[in-house]
Amino acid sequence: MPQRHVLILGAGFAGLELATRLSEIAPDTTRVTLIDRNAAFFFGFSKLEVMLGRQTADEIQIPYNKIAKANVTFRQETVTAIDPETRRVTTDANVYDDVDHLVVAMGADYDFDATPGLAEGGHEYYTLAGAERLRDALADFAGGRVLLSILGQPFKCPPAPFEGSFMLDNLFTERGTRDGVSLITTFPMRGPVPVTGEVSQMFKDGLAARDVEVHPETLVTHIDPDTKVAHTKDGREIPYDLFIAIPIHRAPEPLAASGLAPNGWIPVDQDDLHTAFDRVYALGDVCTGPRTVPKAGIFAESAALVVADDIVADIEGSAKPAPYEGSGVCYAEFGGGLVGKVEVSFLRGDAPEAQRHEPALEFLEEKREFGAVRVARWFS
Ligand SMILES: Cc1cc2nc3c(=O)[nH]c(=O)nc-3n(C[C@H](O)[C@H](O)[C@H](O)COP(=O)(O)OP(=O)(O)OC[C@H]3O[C@@H](n4cnc5c(N)ncnc54)[C@H](O)[C@@H]3O)c2cc1C
């Protein structure tokens, strides 16, 4: 059987796992091209390490040229156009017009301009460059009001904004300056991490125990860097000395122009991650479906397993895989080495099912292992 060309756009959690899985289950029947605009991968959670100054940007990056799988070729290119009808993809260096299965795994980008004042006067740790700038700002921070605001939904990794508050509490405590710092957080949801009431309560308790002032159902729409005031949608004003944003997310270029993302994100059949186009899949942060599956690496990764099996079923004419369940294990840092754990499935039942495990030191090692296992698997 001739090899089928699988073109994967984006080498994050979803793209890396899909390429790896295809190298395991279809090394002879697939030829995989994996494209990313970057030269190296890093985990989302590593940005917290950079923000805290515990690791440098160089230390967290794993170069894609370490991928050594016989049927996988990595190319550092930027995707500039996608025609989903013909599966023709244009990059800054090539045109791909022989694609049998096209997989869009391009994640989510940020729209900083959607929040006036943010680019000039705010900080964030959702990009690597932003985490480095925030690390430097924190080093100079003499004390005052730190306002951490979620500026829109959906956003990556539901616990990550609250991990930010927990880690900042820990940082200022270790520095001996916590008494001179007020930590405030605003978010549009009714509660933090509202997967289930029990899970949300774990984060509410964490915020209360660390004396973080919480403003639920509050949307900051713009900030004024001169007066250092954040303005909310319902007309309130919240003063700050340091403003940290979870920025508004959007699908990366060139998806808007491709016709794949009519409502901002790419709609998929959540059973098998198919888009409306023949042999075109979308998975991970870039996709959306009738039911909510949060934007997190672990769900992108489990979707990749379904897509790999679906591609192989299509090539071999065999039975389709079991439907995607949106399941996985999430770790959340509570500061001081404490890590909480949530085992969750969003699509298996009629409502999300989750089991929470209280923050404990033992889960720190488990989280490290989680990262190490993936690095070993993807980059070999
Ligand atoms: C602070 C923080 C902490 C997090 N912690 C966790 C955690 O503990 N657990 C967890 O599961 N998730 C966590 N996440 C979320 C996780 O990082 C993402 O949900 C995950 O990476 C999504 O995987 P993906 O493959 O869909 O997208 P990504 O991993 O973002 O990969 C998309 C890739 O596409 C590439 N790309 C985009 N546009 C183009 C283009 N035009 N041309 C070429 N390449 C392009 C990008 O460079 C990128 O490498 C965290 C995120 C943040 C910000």
# chains A, B, ... in the order shown; residues from 1 in each chain; ligands from 1

call {"tool": "residues_near_ligand", "arguments": {"ligand": "ligand 1", "cutoff": "6 Å", "atoms": "only C-alpha atoms and all ligand atoms", "output": "MDAnalysis selection string"}}
result
chainID A and resid 10:15 35:38 43:45 47:48 77:80 105:108 126 156:157 160 252:253 284:286 295:298 300 330:331

call {"tool": "residues_around", "arguments": {"residues": "Asp241 in chain A", "least_positions_apart": "6", "cutoff": "7 Å", "atoms": "only C-alpha atoms", "output": "list in words"}}
result
Gly144, Arg145, Val146 and Lys228 of chain A

call {"tool": "closest_residue", "arguments": {"among": "A:Leu171, A:Ala354, A:Val293, A:Val104", "to": "Ser200 in chain A", "atoms": "only C-alpha atoms"}}
result
A:Ala354

call {"tool": "select_by_dssp", "arguments": {"residues": "range 62-138 of chain A", "states": "helix (DSSP H, G or I)", "output": "ChimeraX atom specification"}}
result
/A:64-66,112-114,118-121,128-138

call {"tool": "write_last_selection", "arguments": {"atoms": "C-alpha atoms", "output": "PDB file, in the first residue's frame"}}
result
ATOM      1  CA  TYR A  64      12.192  20.016  17.275  1.00  0.00           C
ATOM      2  CA  ASN A  65      15.320  18.754  15.539  1.00  0.00           C
ATOM      3  CA  LYS A  66      15.481  16.067  18.256  1.00  0.00           C
ATOM      4  CA  PHE A 112      -3.637  42.004  22.967  1.00  0.00           C
ATOM      5  CA  ASP A 113      -5.157  44.930  21.074  1.00  0.00           C
ATOM      6  CA  ALA A 114      -8.668  43.845  22.066  1.00  0.00           C
ATOM      7  CA  LEU A 118      -2.874  46.221  27.916  1.00  0.00           C
ATOM      8  CA  ALA A 119       0.008  46.332  25.442  1.00  0.00           C
ATOM      9  CA  GLU A 120       1.380  49.595  26.911  1.00  0.00           C
ATOM     10  CA  GLY A 121       0.718  49.090  30.589  1.00  0.00           C
ATOM     11  CA  LEU A 128       7.277  33.159  26.874  1.00  0.00           C
ATOM     12  CA  ALA A 129       8.366  36.748  26.196  1.00  0.00           C
ATOM     13  CA  GLY A 130       5.585  37.977  28.513  1.00  0.00           C
ATOM     14  CA  ALA A 131       6.698  35.609  31.286  1.00  0.00           C
ATOM     15  CA  GLU A 132      10.258  36.964  30.996  1.00  0.00           C
ATOM     16  CA  ARG A 133       9.056  40.588  31.167  1.00  0.00           C
ATOM     17  CA  LEU A 134       6.854  39.814  34.158  1.00  0.00           C
ATOM     18  CA  ARG A 135       9.775  38.093  35.929  1.00  0.00           C
ATOM     19  CA  ASP A 136      11.767  41.334  35.569  1.00  0.00           C
ATOM     20  CA  ALA A 137       8.835  43.501  36.692  1.00  0.00           C
ATOM     21  CA  LEU A 138       8.332  41.285  39.754  1.00  0.00           C
TER      22      LEU A 138
END

call {"tool": "residues_around", "arguments": {"residues": "Thr185 in chain A", "least_positions_apart": "4", "cutoff": "12 Å", "atoms": "only C-alpha atoms", "output": "VMD selection string"}}
result
chain A and resid 145 to 151 161 to 166 168 189 191 to 192 204 207 to 208 211 to 220 230 238 to 240 242 to 246
